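*Asks:* Got a file for you: upload-v5.pdb, PDB, C-alpha atoms.
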ATOM      1  CA  MET A  23     -72.090  54.325   5.584
ATOM      2  CA  LEU A  24     -68.417  55.051   6.096
ATOM      3  CA  ALA A  25     -68.331  52.917   9.223
ATOM      4  CA  LYS A  26     -69.985  50.070   7.369
ATOM      5  CA  ASN A  27     -67.478  50.251   4.526
ATOM      6  CA  THR A  28     -64.628  50.401   6.984
ATOM      7  CA  ALA A  29     -65.909  47.339   8.794
ATOM      8  CA  ILE A  30     -66.232  45.463   5.521
ATOM      9  CA  ALA A  31     -62.733  46.503   4.530
ATOM     10  CA  VAL A  32     -61.332  45.330   7.869
ATOM     11  CA  LEU A  33     -63.117  41.989   7.562
ATOM     12  CA  CYS A  34     -61.838  41.532   4.017
ATOM     13  CA  ALA A  35     -58.309  42.286   5.180
ATOM     14  CA  LEU A  36     -58.589  39.811   8.027
ATOM     15  CA  PHE A  37     -59.820  37.020   5.783
ATOM     16  CA  ALA A  38     -57.131  37.824   3.266
ATOM     17  CA  LEU A  39     -54.398  37.059   5.811
ATOM     18  CA  PRO A  40     -52.823  33.677   5.144
ATOM     19  CA  VAL A  41     -53.341  30.980   7.702
ATOM     20  CA  MET A  42     -49.784  30.348   8.794
ATOM     21  CA  ALA A  43     -48.593  26.787   8.977
ATOM     22  CA  LYS A  44     -46.220  25.713  11.719
ATOM     23  CA  ASN A  45     -42.793  24.187  11.734
ATOM     24  CA  TYR A  46     -41.469  21.799  14.320
ATOM     25  CA  THR A  47     -38.088  20.365  15.106
ATOM     26  CA  ILE A  48     -37.604  16.975  16.692
ATOM     27  CA  ASN A  49     -34.450  15.863  18.435
ATOM     28  CA  VAL A  50     -33.796  12.292  17.267
ATOM     29  CA  HIS A  51     -31.180   9.942  18.642
ATOM     30  CA  GLY A  52     -29.201   7.754  16.261
ATOM     31  CA  ILE A  53     -29.105   9.949  13.174
ATOM     32  CA  VAL A  54     -25.507   9.796  11.997
ATOM     33  CA  CYS A  55     -25.465   9.659   8.215
ATOM     34  CA  GLU A  56     -27.289  10.681   5.078
ATOM     35  CA  PHE A  57     -28.756   7.234   4.788
ATOM     36  CA  CYS A  58     -30.383   7.653   8.198
ATOM     37  CA  ALA A  59     -31.829  10.927   6.928
ATOM     38  CA  TYR A  60     -33.241   9.203   3.866
ATOM     39  CA  GLY A  61     -35.040   6.571   5.922
ATOM     40  CA  ILE A  62     -36.555   9.070   8.328
ATOM     41  CA  GLY A  63     -37.685  11.365   5.532
ATOM     42  CA  LYS A  64     -39.268   8.452   3.710
ATOM     43  CA  LYS A  65     -41.438   7.580   6.706
ATOM     44  CA  ILE A  66     -42.427  11.154   7.604
ATOM     45  CA  ARG A  67     -43.348  12.378   4.110
ATOM     46  CA  VAL A  68     -46.326  10.036   3.871
ATOM     47  CA  LEU A  69     -48.013  11.554   6.943
ATOM     48  CA  PRO A  70     -51.139  13.503   5.907
ATOM     49  CA  PHE A  71     -50.380  16.633   7.926
ATOM     50  CA  ILE A  72     -46.922  17.165   6.410
ATOM     51  CA  ASP A  73     -46.639  20.049   3.948
ATOM     52  CA  PRO A  74     -44.609  18.845   0.957
ATOM     53  CA  ALA A  75     -44.237  22.386  -0.347
ATOM     54  CA  HIS A  76     -41.568  23.158   2.201
ATOM     55  CA  TYR A  77     -38.163  21.691   2.936
ATOM     56  CA  ASP A  78     -37.546  18.479   0.977
ATOM     57  CA  GLY A  79     -41.066  17.143   0.663
ATOM     58  CA  GLY A  80     -41.949  18.600   4.056
ATOM     59  CA  VAL A  81     -38.906  17.239   5.904
ATOM     60  CA  LYS A  82     -35.346  18.328   6.502
ATOM     61  CA  VAL A  83     -32.836  16.282   8.501
ATOM     62  CA  ASP A  84     -29.711  17.812  10.007
ATOM     63  CA  ILE A  85     -27.312  15.014  10.857
ATOM     64  CA  GLU A  86     -24.897  17.424  12.522
ATOM     65  CA  SER A  87     -27.382  18.286  15.253
ATOM     66  CA  GLN A  88     -29.605  15.169  15.061
ATOM     67  CA  GLN A  89     -32.585  17.425  14.378
ATOM     68  CA  VAL A  90     -35.505  16.659  12.089
ATOM     69  CA  PHE A  91     -37.487  19.651  10.782
ATOM     70  CA  VAL A  92     -41.042  19.162   9.593
ATOM     71  CA  ALA A  93     -43.499  21.576   7.977
ATOM     72  CA  ILE A  94     -47.183  21.184   8.777
ATOM     73  CA  ARG A  95     -49.919  21.875   6.242
ATOM     74  CA  GLU A  96     -52.014  24.979   6.646
ATOM     75  CA  GLY A  97     -55.038  24.161   8.757
ATOM     76  CA  ALA A  98     -53.711  20.740   9.688
ATOM     77  CA  THR A  99     -53.012  19.609  13.210
ATOM     78  CA  LEU A 100     -49.776  17.970  14.184
ATOM     79  CA  ASP A 101     -50.284  14.382  15.304
ATOM     80  CA  LYS A 102     -47.318  13.969  17.592
ATOM     81  CA  ALA A 103     -47.909  10.267  18.195
ATOM     82  CA  ALA A 104     -48.053   9.540  14.464
ATOM     83  CA  LEU A 105     -44.922  11.602  13.867
ATOM     84  CA  PHE A 106     -42.987   9.832  16.611
ATOM     85  CA  ASN A 107     -44.187   6.445  15.388
ATOM     86  CA  ALA A 108     -43.001   7.299  11.886
ATOM     87  CA  ILE A 109     -39.542   8.129  13.215
ATOM     88  CA  LYS A 110     -39.443   4.949  15.290
ATOM     89  CA  SER A 111     -40.525   2.874  12.300
ATOM     90  CA  GLY A 112     -37.613   4.453  10.458
ATOM     91  CA  GLY A 113     -35.322   2.926  13.072
ATOM     92  CA  TYR A 114     -34.541   5.922  15.273
ATOM     93  CA  ASP A 115     -35.573   7.349  18.626
ATOM     94  CA  PRO A 116     -37.439  10.680  18.818
ATOM     95  CA  ILE A 117     -36.727  12.502  22.062
ATOM     96  CA  GLU A 118     -38.545  15.825  22.092
ATOM     97  CA  ILE A 119     -40.430  18.143  19.763
ATOM     98  CA  THR A 120     -40.357  21.931  19.682
ATOM     99  CA  GLU A 121     -42.354  24.430  17.682
ATOM    100  CA  ILE A 122     -39.902  26.668  15.910
ATOM    101  CA  SER A 123     -41.888  29.053  13.718
ATOM    102  CA  ASP A 124     -45.318  30.152  12.558
ATOM    103  CA  ASP A 125     -44.095  30.518   9.031
ATOM    104  CA  PRO A 126     -42.378  27.664   7.229
ATOM    105  CA  THR A 127     -40.851  30.055   4.738
ATOM    106  CA  LEU A 128     -38.670  31.431   7.508
ATOM    107  CA  SER A 129     -36.971  28.121   7.895
ATOM    108  CA  GLU A 130     -36.853  27.690   4.154
ATOM    109  CA  THR A 131     -34.251  30.412   4.065
ATOM    110  CA  GLU A 132     -32.102  28.415   6.440
ATOM    111  CA  LYS A 133     -31.818  25.488   4.072
TER     112      LYS A 133
ATOM    113  CA  MET B   2     -45.314  -6.584  -4.501
ATOM    114  CA  LYS B   3     -42.315  -6.499  -2.195
ATOM    115  CA  LEU B   4     -41.934 -10.153  -1.358
ATOM    116  CA  PRO B   5     -42.225 -11.304  -4.969
ATOM    117  CA  MET B   6     -39.351  -8.997  -5.815
ATOM    118  CA  LEU B   7     -37.220 -10.802  -3.286
ATOM    119  CA  VAL B   8     -38.063 -14.093  -4.853
ATOM    120  CA  LEU B   9     -36.212 -12.888  -7.897
ATOM    121  CA  PHE B  10     -33.070 -12.885  -5.842
ATOM    122  CA  ILE B  11     -33.108 -16.421  -4.624
ATOM    123  CA  GLY B  12     -29.643 -17.648  -4.963
ATOM    124  CA  LEU B  13     -26.670 -19.541  -4.138
ATOM    125  CA  THR B  14     -23.348 -19.508  -2.655
ATOM    126  CA  SER B  15     -19.883 -19.777  -3.941
ATOM    127  CA  THR B  16     -16.603 -19.487  -2.217
ATOM    128  CA  ALA B  17     -15.644 -16.899   0.366
ATOM    129  CA  TYR B  18     -17.677 -14.149   2.010
ATOM    130  CA  ALA B  19     -21.002 -15.866   1.656
ATOM    131  CA  HIS B  20     -21.615 -15.000   5.283
ATOM    132  CA  GLN B  21     -21.325 -11.266   4.961
ATOM    133  CA  PRO B  22     -24.373  -9.181   5.815
ATOM    134  CA  VAL B  23     -26.447  -7.704   3.022
ATOM    135  CA  MET B  24     -26.100  -3.926   3.338
ATOM    136  CA  ASP B  25     -25.569  -4.183   7.111
ATOM    137  CA  MET B  26     -27.914  -1.585   8.643
ATOM    138  CA  ALA B  27     -29.820  -0.757   5.476
ATOM    139  CA  PRO B  28     -32.711  -0.601   5.108
ATOM    140  CA  ARG B  29     -33.569  -0.282   8.785
ATOM    141  CA  TRP B  30     -37.107   1.024   8.398
ATOM    142  CA  ASN B  31     -40.228  -1.087   8.788
ATOM    143  CA  ASN B  32     -41.202  -2.943   5.626
ATOM    144  CA  GLY B  33     -38.132  -1.730   3.791
ATOM    145  CA  TYR B  34     -36.439  -3.820   1.172
ATOM    146  CA  GLY B  35     -33.282  -3.723  -0.870
ATOM    147  CA  ILE B  36     -31.733  -5.390  -3.855
ATOM    148  CA  GLN B  37     -28.047  -5.569  -4.545
ATOM    149  CA  THR B  38     -25.706  -7.131  -7.029
ATOM    150  CA  ARG B  39     -22.012  -7.665  -6.461
ATOM    151  CA  VAL B  40     -19.375  -8.868  -8.828
ATOM    152  CA  THR B  41     -16.458 -10.554  -7.114
ATOM    153  CA  HIS B  42     -13.232 -11.871  -8.545
ATOM    154  CA  ALA B  43     -11.107 -14.350  -6.630
ATOM    155  CA  ASN B  44      -9.175 -17.505  -7.412
ATOM    156  CA  ALA B  45      -9.353 -16.740 -11.152
ATOM    157  CA  GLU B  46     -13.123 -16.935 -10.983
ATOM    158  CA  THR B  47     -15.675 -14.160 -11.378
ATOM    159  CA  THR B  48     -18.919 -14.523  -9.485
ATOM    160  CA  THR B  49     -22.012 -12.358  -9.682
ATOM    161  CA  TRP B  50     -24.072 -12.258  -6.513
ATOM    162  CA  LEU B  51     -27.723 -11.337  -6.522
ATOM    163  CA  GLU B  52     -28.816 -10.350  -3.058
ATOM    164  CA  GLY B  53     -31.976  -9.159  -1.437
ATOM    165  CA  VAL B  54     -33.012  -7.995   2.007
ATOM    166  CA  TYR B  55     -36.437  -7.416   3.509
ATOM    167  CA  THR B  56     -36.767  -5.557   6.801
ATOM    168  CA  PHE B  57     -39.934  -6.465   8.673
ATOM    169  CA  LYS B  58     -38.832  -4.067  11.391
ATOM    170  CA  PRO B  59     -35.365  -2.843  12.373
ATOM    171  CA  SER B  60     -34.845  -5.859  14.606
ATOM    172  CA  VAL B  61     -36.017  -8.556  12.174
ATOM    173  CA  ARG B  62     -35.039  -9.091   8.538
ATOM    174  CA  MET B  63     -34.527 -11.786   6.019
ATOM    175  CA  THR B  64     -31.864 -11.956   3.356
ATOM    176  CA  LEU B  65     -31.179 -14.076   0.342
ATOM    177  CA  LYS B  66     -28.002 -14.445  -1.708
ATOM    178  CA  VAL B  67     -27.558 -16.189  -5.025
ATOM    179  CA  PRO B  68     -24.158 -16.617  -6.736
ATOM    180  CA  LEU B  69     -23.847 -16.999 -10.476
ATOM    181  CA  SER B  70     -20.591 -18.167 -11.952
ATOM    182  CA  ASN B  71     -19.854 -19.121 -15.557
ATOM    183  CA  GLY B  72     -23.550 -19.192 -16.255
ATOM    184  CA  ASP B  73     -24.241 -21.631 -13.444
ATOM    185  CA  THR B  74     -26.220 -20.975 -10.320
ATOM    186  CA  GLY B  75     -24.654 -21.900  -7.015
ATOM    187  CA  ASP B  76     -26.131 -22.629  -3.625
ATOM    188  CA  ALA B  77     -28.518 -20.029  -2.233
ATOM    189  CA  ILE B  78     -28.103 -18.702   1.279
ATOM    190  CA  PHE B  79     -31.145 -17.671   3.262
ATOM    191  CA  ALA B  80     -30.634 -15.829   6.545
ATOM    192  CA  MET B  81     -32.702 -14.158   9.255
ATOM    193  CA  PRO B  82     -30.679 -11.363  10.884
ATOM    194  CA  ILE B  83     -31.967 -10.453  14.320
ATOM    195  CA  LYS B  84     -30.642  -7.103  15.464
ATOM    196  CA  ARG B  85     -30.817  -5.148  18.670
ATOM    197  CA  TYR B  86     -30.225  -1.451  18.110
ATOM    198  CA  LYS B  87     -29.059   1.193  20.500
ATOM    199  CA  ASN B  88     -29.445   4.835  19.491
ATOM    200  CA  ALA B  89     -27.538   7.219  21.728
ATOM    201  CA  GLY B  90     -27.374  10.840  20.641
ATOM    202  CA  ALA B  91     -25.013  11.063  17.689
ATOM    203  CA  SER B  92     -24.270   7.357  17.463
ATOM    204  CA  THR B  93     -26.081   4.165  16.614
ATOM    205  CA  SER B  94     -25.024   0.574  17.104
ATOM    206  CA  ASN B  95     -26.427  -2.895  16.938
ATOM    207  CA  TRP B  96     -25.746  -6.446  17.938
ATOM    208  CA  GLY B  97     -26.805  -9.015  15.395
ATOM    209  CA  LEU B  98     -27.432 -12.736  15.562
ATOM    210  CA  THR B  99     -27.946 -14.300  12.163
ATOM    211  CA  PRO B 100     -28.923 -17.915  11.634
ATOM    212  CA  SER B 101     -28.593 -18.987   8.032
ATOM    213  CA  VAL B 102     -28.937 -21.980   5.782
ATOM    214  CA  ARG B 103     -27.140 -22.775   2.552
ATOM    215  CA  MET B 104     -29.417 -24.621   0.201
ATOM    216  CA  PRO B 105     -28.256 -27.020  -2.523
ATOM    217  CA  THR B 106     -29.792 -25.028  -5.364
ATOM    218  CA  GLY B 107     -26.580 -25.427  -7.312
ATOM    219  CA  GLY B 108     -27.196 -29.077  -7.999
ATOM    220  CA  GLY B 109     -25.697 -30.700  -4.928
ATOM    221  CA  SER B 110     -27.485 -32.387  -2.093
ATOM    222  CA  GLN B 111     -25.855 -30.916   0.988
ATOM    223  CA  TRP B 112     -27.559 -28.413   3.240
ATOM    224  CA  ASP B 113     -25.336 -26.306   5.482
ATOM    225  CA  ALA B 114     -26.288 -24.357   8.559
ATOM    226  CA  GLY B 115     -24.627 -21.136   9.615
ATOM    227  CA  LEU B 116     -24.586 -18.691  12.471
ATOM    228  CA  SER B 117     -23.141 -15.221  12.717
ATOM    229  CA  LEU B 118     -22.631 -12.914  15.669
ATOM    230  CA  SER B 119     -21.992  -9.334  14.677
ATOM    231  CA  TYR B 120     -21.628  -5.873  16.145
ATOM    232  CA  SER B 121     -21.598  -2.666  14.195
ATOM    233  CA  ALA B 122     -21.484   0.940  15.333
ATOM    234  CA  GLU B 123     -21.494   4.256  13.574
ATOM    235  CA  ASN B 124     -21.238   7.898  14.482
ATOM    236  CA  ARG B 125     -20.741  10.922  12.268
ATOM    237  CA  LYS B 126     -17.022  10.154  11.899
ATOM    238  CA  VAL B 127     -16.363   6.451  12.405
ATOM    239  CA  TYR B 128     -17.942   3.190  11.256
ATOM    240  CA  GLN B 129     -17.017  -0.266  12.540
ATOM    241  CA  LEU B 130     -18.294  -3.784  11.922
ATOM    242  CA  TYR B 131     -17.186  -7.038  13.537
ATOM    243  CA  ASP B 132     -18.695 -10.263  12.284
ATOM    244  CA  LEU B 133     -17.847 -13.685  13.701
ATOM    245  CA  TYR B 134     -19.375 -16.498  11.681
ATOM    246  CA  ALA B 135     -19.549 -20.165  10.911
ATOM    247  CA  LEU B 136     -21.112 -21.609   7.775
ATOM    248  CA  GLY B 137     -20.817 -25.221   6.743
ATOM    249  CA  ASP B 138     -17.219 -26.340   7.182
ATOM    250  CA  SER B 139     -15.817 -22.821   7.403
ATOM    251  CA  ALA B 140     -15.570 -20.208  10.117
ATOM    252  CA  GLY B 141     -14.036 -16.803  10.334
ATOM    253  CA  ILE B 142     -14.151 -13.195  11.299
ATOM    254  CA  ASP B 143     -14.691 -10.079   9.236
ATOM    255  CA  VAL B 144     -13.739  -6.602  10.444
ATOM    256  CA  ASN B 145     -14.500  -3.272   8.755
ATOM    257  CA  VAL B 146     -13.283  -0.089  10.434
ATOM    258  CA  GLY B 147     -12.976   3.377   8.950
ATOM    259  CA  LEU B 148     -14.165   6.906   8.466
ATOM    260  CA  VAL B 149     -17.519   8.400   7.507
ATOM    261  CA  HIS B 150     -17.609  11.488   5.308
ATOM    262  CA  ALA B 151     -21.098  13.011   5.090
ATOM    263  CA  ASN B 152     -21.557  16.084   2.943
ATOM    264  CA  GLY B 153     -24.833  17.208   4.529
ATOM    265  CA  LYS B 154     -26.503  17.236   1.120
ATOM    266  CA  GLY B 155     -27.761  13.696   0.861
ATOM    267  CA  SER B 156     -24.659  11.613   0.251
ATOM    268  CA  SER B 157     -21.944   9.976   2.336
ATOM    269  CA  TRP B 158     -18.607   8.292   1.692
ATOM    270  CA  PHE B 159     -17.201   5.551   3.885
ATOM    271  CA  THR B 160     -13.483   4.791   3.587
ATOM    272  CA  LEU B 161     -12.850   1.570   5.461
ATOM    273  CA  TRP B 162     -10.182  -1.025   6.039
ATOM    274  CA  ASP B 163     -11.224  -4.645   5.915
ATOM    275  CA  ILE B 164      -9.629  -7.669   7.554
ATOM    276  CA  THR B 165     -11.110 -11.059   6.799
ATOM    277  CA  ALA B 166      -9.811 -14.266   8.326
ATOM    278  CA  LYS B 167     -11.216 -17.631   7.334
ATOM    279  CA  ASP B 168     -10.609 -21.187   8.432
ATOM    280  CA  SER B 169     -11.945 -24.138   6.483
ATOM    281  CA  ASP B 170     -11.113 -27.719   5.588
ATOM    282  CA  SER B 171      -8.730 -26.461   2.910
ATOM    283  CA  GLY B 172      -6.694 -24.280   5.286
ATOM    284  CA  GLN B 173      -6.591 -20.746   6.535
ATOM    285  CA  HIS B 174      -6.173 -17.374   4.909
ATOM    286  CA  VAL B 175      -6.258 -13.739   5.979
ATOM    287  CA  LEU B 176      -7.181 -11.065   3.475
ATOM    288  CA  THR B 177      -6.959  -7.335   4.042
ATOM    289  CA  GLY B 178      -7.449  -4.185   2.038
ATOM    290  CA  PRO B 179      -9.433  -1.006   1.472
ATOM    291  CA  VAL B 180     -13.174  -0.650   1.052
ATOM    292  CA  VAL B 181     -15.003   2.383  -0.301
ATOM    293  CA  VAL B 182     -18.736   2.770   0.176
ATOM    294  CA  TYR B 183     -20.905   5.536  -1.291
ATOM    295  CA  PHE B 184     -24.474   6.347  -0.301
ATOM    296  CA  LYS B 185     -26.781   8.755  -2.063
ATOM    297  CA  ARG B 186     -30.445   8.724  -1.117
ATOM    298  CA  ASN B 187     -31.423   5.087  -1.724
ATOM    299  CA  LEU B 188     -28.343   4.104  -3.746
ATOM    300  CA  ILE B 189     -25.376   2.195  -2.333
ATOM    301  CA  LEU B 190     -22.090   1.523  -4.114
ATOM    302  CA  ARG B 191     -19.317  -0.579  -2.599
ATOM    303  CA  ALA B 192     -15.849  -1.405  -3.950
ATOM    304  CA  GLU B 193     -13.263  -3.635  -2.274
ATOM    305  CA  TYR B 194      -9.768  -4.858  -2.925
ATOM    306  CA  LYS B 195      -8.066  -7.340  -0.615
ATOM    307  CA  PHE B 196      -4.731  -9.067  -0.767
ATOM    308  CA  ALA B 197      -3.614 -12.164   1.089
ATOM    309  CA  ALA B 198      -1.697 -11.208   4.212
ATOM    310  CA  HIS B 199      -1.554 -14.880   5.148
ATOM    311  CA  ASP B 200      -2.352 -17.816   2.916
ATOM    312  CA  ASN B 201      -2.169 -21.392   4.061
ATOM    313  CA  ASP B 202      -5.245 -22.358   2.131
ATOM    314  CA  GLU B 203      -4.811 -24.791  -0.733
ATOM    315  CA  LYS B 204      -8.008 -23.513  -2.373
ATOM    316  CA  TRP B 205      -7.064 -19.833  -2.193
ATOM    317  CA  ASP B 206      -4.812 -18.052  -4.650
ATOM    318  CA  GLY B 207      -4.238 -14.360  -5.169
ATOM    319  CA  ASP B 208      -6.208 -11.197  -4.538
ATOM    320  CA  TYR B 209      -9.874 -10.424  -4.111
ATOM    321  CA  PHE B 210     -11.885  -7.748  -5.919
ATOM    322  CA  SER B 211     -15.500  -6.815  -5.432
ATOM    323  CA  PHE B 212     -17.838  -4.162  -6.763
ATOM    324  CA  GLY B 213     -21.459  -3.852  -5.724
ATOM    325  CA  ILE B 214     -24.452  -1.654  -6.383
ATOM    326  CA  GLY B 215     -27.665  -1.699  -4.401
ATOM    327  CA  LEU B 216     -30.967   0.108  -4.067
ATOM    328  CA  VAL B 217     -33.266   0.261  -1.061
ATOM    329  CA  TYR B 218     -36.935   1.186  -0.893
TER     330      TYR B 218
END
In structure tokens, how does this file's structure come out?

*Replies:*
Amino acid sequence: MLAKNTAIAVLCALFALPVMAKNYTINVHGIVCEFCAYGIGKKIRVLPFIDPAHYDGGVKVDIESQQVFVAIREGATLDKAALFNAIKSGGYDPIEITEISDDPTLSETEK
Amino acid sequence: MKLPMLVLFIGLTSTAYAHQPVMDMAPRWNNGYGIQTRVTHANAETTTWLEGVYTFKPSVRMTLKVPLSNGDTGDAIFAMPIKRYKNAGASTSNWGLTPSVRMPTGGGSQWDAGLSLSYSAENRKVYQLYDLYALGDSAGIDVNVGLVHANGKGSSWFTLWDITAKDSDSGQHVLTGPVVVYFKRNLILRAEYKFAAHDNDEKWDGDYFSFGIGLVY
């Protein structure tokens, strides 16, 4: 009986763990001003896998380092092609993407 | 929804600076559009310009300018800027070729063709624009060079120096002076003052003032 209760408790604990979303950073050529940042953010925010609860509607642009940070919804899968197309349609050139964290709130503190 | 909005900004032309680009690089995203109004004062005349831009994609846009002066509408200018961008790390630049036409919407009957060749470049510190143009019986060059001040929180200031030289049937003049541009999200403000460094133009007299406000979507 004790073993059964323990197993149930462990299962409950496992299911209670949050499913961590992921953050990514993209190196983008051509970002030089706040207006560039606005245009890129506008195109990325409409993507269905972006989590608007983090950053500024799911996106943060650092013009100093030409990095774009995106937060992905819990349970969603990053569509790299769609993300890169969104950046290109904003007028800029995405170079490479890197996963930076399993928890978007970690990067939230860096804002 | 977007194109009809542009129709509202069909317009005309008046005296100087009809050739100048509408918002230069903005908006540079696909299917972006912008509206802008500028109030200019020159030669004892105040003109309100209504301007619109639609960006099909960063390399292809269309623009429309309409001047209003003393309650009258002038000749509208329609243009199709074709741009070739180069993004390289922390800088972006573009070459632009802009055919245009000035339409006799102000009551005349003369159509004028125009062509502009421009280059602009920007990094996190410096902005520069060079625009060589011809429109109707006038031709000239416009240069904007200056500093970019981004605050990292969604807004930027540009402090520029402008030199504008124009040759037309009435003579030549060179104007120069400061330009201040402010961006915040989708808002653009631009203020200019230029004085005549050279004036051999019988139709030009005095200084030039301009203030503009624009929104992009």

*Asks:* Kindly resolve the PyMOL selection byres ((chain B and resi 204) around 10) on the present coordinates and return the residues as a list in words.

*Replies:*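 Output from the PyMOL selection byres ((chain B and resi 204) around 10), applied to this file: Thr16, Asn44, Ser169, Asp170, Ser171, Gly172, Gln173, His174, Asp200, Asn201, Asp202, Glu203, Trp205 and Asp206 of chain B.
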
*Asks:* Next, dump the selected residues to file, keeping only C-alpha atoms, as an mmCIF file, in the coordinates of the input.

*Replies:*
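Written out: part04.cif:
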data_model
loop_
_atom_site.group_PDB
_atom_site.id
_atom_site.type_symbol
_atom_site.label_atom_id
_atom_site.label_comp_id
_atom_site.auth_asym_id
_atom_site.auth_seq_id
_atom_site.Cartn_x
_atom_site.Cartn_y
_atom_site.Cartn_z
ATOM 1 C CA THR B 16 -16.603 -19.487 -2.217
ATOM 2 C CA ASN B 44 -9.175 -17.505 -7.412
ATOM 3 C CA SER B 169 -11.945 -24.138 6.483
ATOM 4 C CA ASP B 170 -11.113 -27.719 5.588
ATOM 5 C CA SER B 171 -8.730 -26.461 2.910
ATOM 6 C CA GLY B 172 -6.694 -24.280 5.286
ATOM 7 C CA GLN B 173 -6.591 -20.746 6.535
ATOM 8 C CA HIS B 174 -6.173 -17.374 4.909
ATOM 9 C CA ASP B 200 -2.352 -17.816 2.916
ATOM 10 C CA ASN B 201 -2.169 -21.392 4.061
ATOM 11 C CA ASP B 202 -5.245 -22.358 2.131
ATOM 12 C CA GLU B 203 -4.811 -24.791 -0.733
ATOM 13 C CA TRP B 205 -7.064 -19.833 -2.193
ATOM 14 C CA ASP B 206 -4.812 -18.052 -4.650
#

*Asks:* Starting from the ChimeraX specification (/A :<10) & /B, expand the selection into actual residues of this file and give them as a PyMOL selection string.

*Replies:* chain B and resi 26-33+58-60+86-94+123-127+149-158+184-189+217-218

*Asks:* Would you mind exporting C-alpha atoms of the selected residues as a short mmCIF file (atom, residue, chain, number, x, y, z; two decimals), in the frame of the given file?

*Replies:*
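This went into out05.cif:
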data_model
loop_
_atom_site.label_atom_id
_atom_site.label_comp_id
_atom_site.auth_asym_id
_atom_site.auth_seq_id
_atom_site.Cartn_x
_atom_site.Cartn_y
_atom_site.Cartn_z
CA MET B 26 -27.91 -1.58 8.64
CA ALA B 27 -29.82 -0.76 5.48
CA PRO B 28 -32.71 -0.60 5.11
CA ARG B 29 -33.57 -0.28 8.78
CA TRP B 30 -37.11 1.02 8.40
CA ASN B 31 -40.23 -1.09 8.79
CA ASN B 32 -41.20 -2.94 5.63
CA GLY B 33 -38.13 -1.73 3.79
CA LYS B 58 -38.83 -4.07 11.39
CA PRO B 59 -35.36 -2.84 12.37
CA SER B 60 -34.84 -5.86 14.61
CA TYR B 86 -30.22 -1.45 18.11
CA LYS B 87 -29.06 1.19 20.50
CA ASN B 88 -29.44 4.84 19.49
CA ALA B 89 -27.54 7.22 21.73
CA GLY B 90 -27.37 10.84 20.64
CA ALA B 91 -25.01 11.06 17.69
CA SER B 92 -24.27 7.36 17.46
CA THR B 93 -26.08 4.16 16.61
CA SER B 94 -25.02 0.57 17.10
CA GLU B 123 -21.49 4.26 13.57
CA ASN B 124 -21.24 7.90 14.48
CA ARG B 125 -20.74 10.92 12.27
CA LYS B 126 -17.02 10.15 11.90
CA VAL B 127 -16.36 6.45 12.40
CA VAL B 149 -17.52 8.40 7.51
CA HIS B 150 -17.61 11.49 5.31
CA ALA B 151 -21.10 13.01 5.09
CA ASN B 152 -21.56 16.08 2.94
CA GLY B 153 -24.83 17.21 4.53
CA LYS B 154 -26.50 17.24 1.12
CA GLY B 155 -27.76 13.70 0.86
CA SER B 156 -24.66 11.61 0.25
CA SER B 157 -21.94 9.98 2.34
CA TRP B 158 -18.61 8.29 1.69
CA PHE B 184 -24.47 6.35 -0.30
CA LYS B 185 -26.78 8.76 -2.06
CA ARG B 186 -30.44 8.72 -1.12
CA ASN B 187 -31.42 5.09 -1.72
CA LEU B 188 -28.34 4.10 -3.75
CA ILE B 189 -25.38 2.19 -2.33
CA VAL B 217 -33.27 0.26 -1.06
CA TYR B 218 -36.94 1.19 -0.89
#

*Asks:* So, counting all atoms listed in the file, which residue among B:Ile164, B:Leu51, B:Val181, B:Leu98 is closest to Leu65 of chain B?

*Replies:*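 The closest residue to Leu65 of chain B is B:Leu51.
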
*Asks:* Counting only C-alpha atoms, which of B:Val40, B:Ala80, B:Leu148, B:Val67 gets nearest to Pro100 of chain B?

*Replies:*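 Comparing B:Val40, B:Ala80, B:Leu148, B:Val67 against Pro100 of chain B, the winner is B:Ala80.
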
*Asks:* So that I can see what lies close to Gly109 of chain B, please list as a PyMOL selection string the residues with an atom at most 10 Å from it, counting all atoms listed in the file and leaving out residues fewer than 5 positions away in the same chain.

*Replies:* chain B and resi 75-76+104

*Asks:* Once the PyMOL selection byres ((chain A and resi 77) around 8) has been applied to the shown file, what residues remain in the selection, as a list in words?

*Replies:*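 Applied to this file, the PyMOL selection byres ((chain A and resi 77) around 8) selects Pro74, Ala75, His76, Asp78, Gly79, Gly80, Val81, Lys82, Val92, Ala93, Glu130 and Lys133 of chain A.
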
*Asks:* Identify the residues around (-34.6, -27.1, -1.3) within a radius of 12 Å, measuring from all atoms listed in the file in the coordinates stated by the file, and give them as a CSV table (one decimal) with C-alpha atoms, in the frame of the given file.

*Replies:*
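Written output follows (part_30.csv):
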chain,number,residue,atom,x,y,z
B,11,ILE,CA,-33.1,-16.4,-4.6
B,12,GLY,CA,-29.6,-17.6,-5.0
B,13,LEU,CA,-26.7,-19.5,-4.1
B,76,ASP,CA,-26.1,-22.6,-3.6
B,77,ALA,CA,-28.5,-20.0,-2.2
B,78,ILE,CA,-28.1,-18.7,1.3
B,79,PHE,CA,-31.1,-17.7,3.3
B,102,VAL,CA,-28.9,-22.0,5.8
B,103,ARG,CA,-27.1,-22.8,2.6
B,104,MET,CA,-29.4,-24.6,0.2
B,105,PRO,CA,-28.3,-27.0,-2.5
B,106,THR,CA,-29.8,-25.0,-5.4
B,107,GLY,CA,-26.6,-25.4,-7.3
B,108,GLY,CA,-27.2,-29.1,-8.0
B,109,GLY,CA,-25.7,-30.7,-4.9
B,110,SER,CA,-27.5,-32.4,-2.1
B,111,GLN,CA,-25.9,-30.9,1.0
B,112,TRP,CA,-27.6,-28.4,3.2
B,113,ASP,CA,-25.3,-26.3,5.5
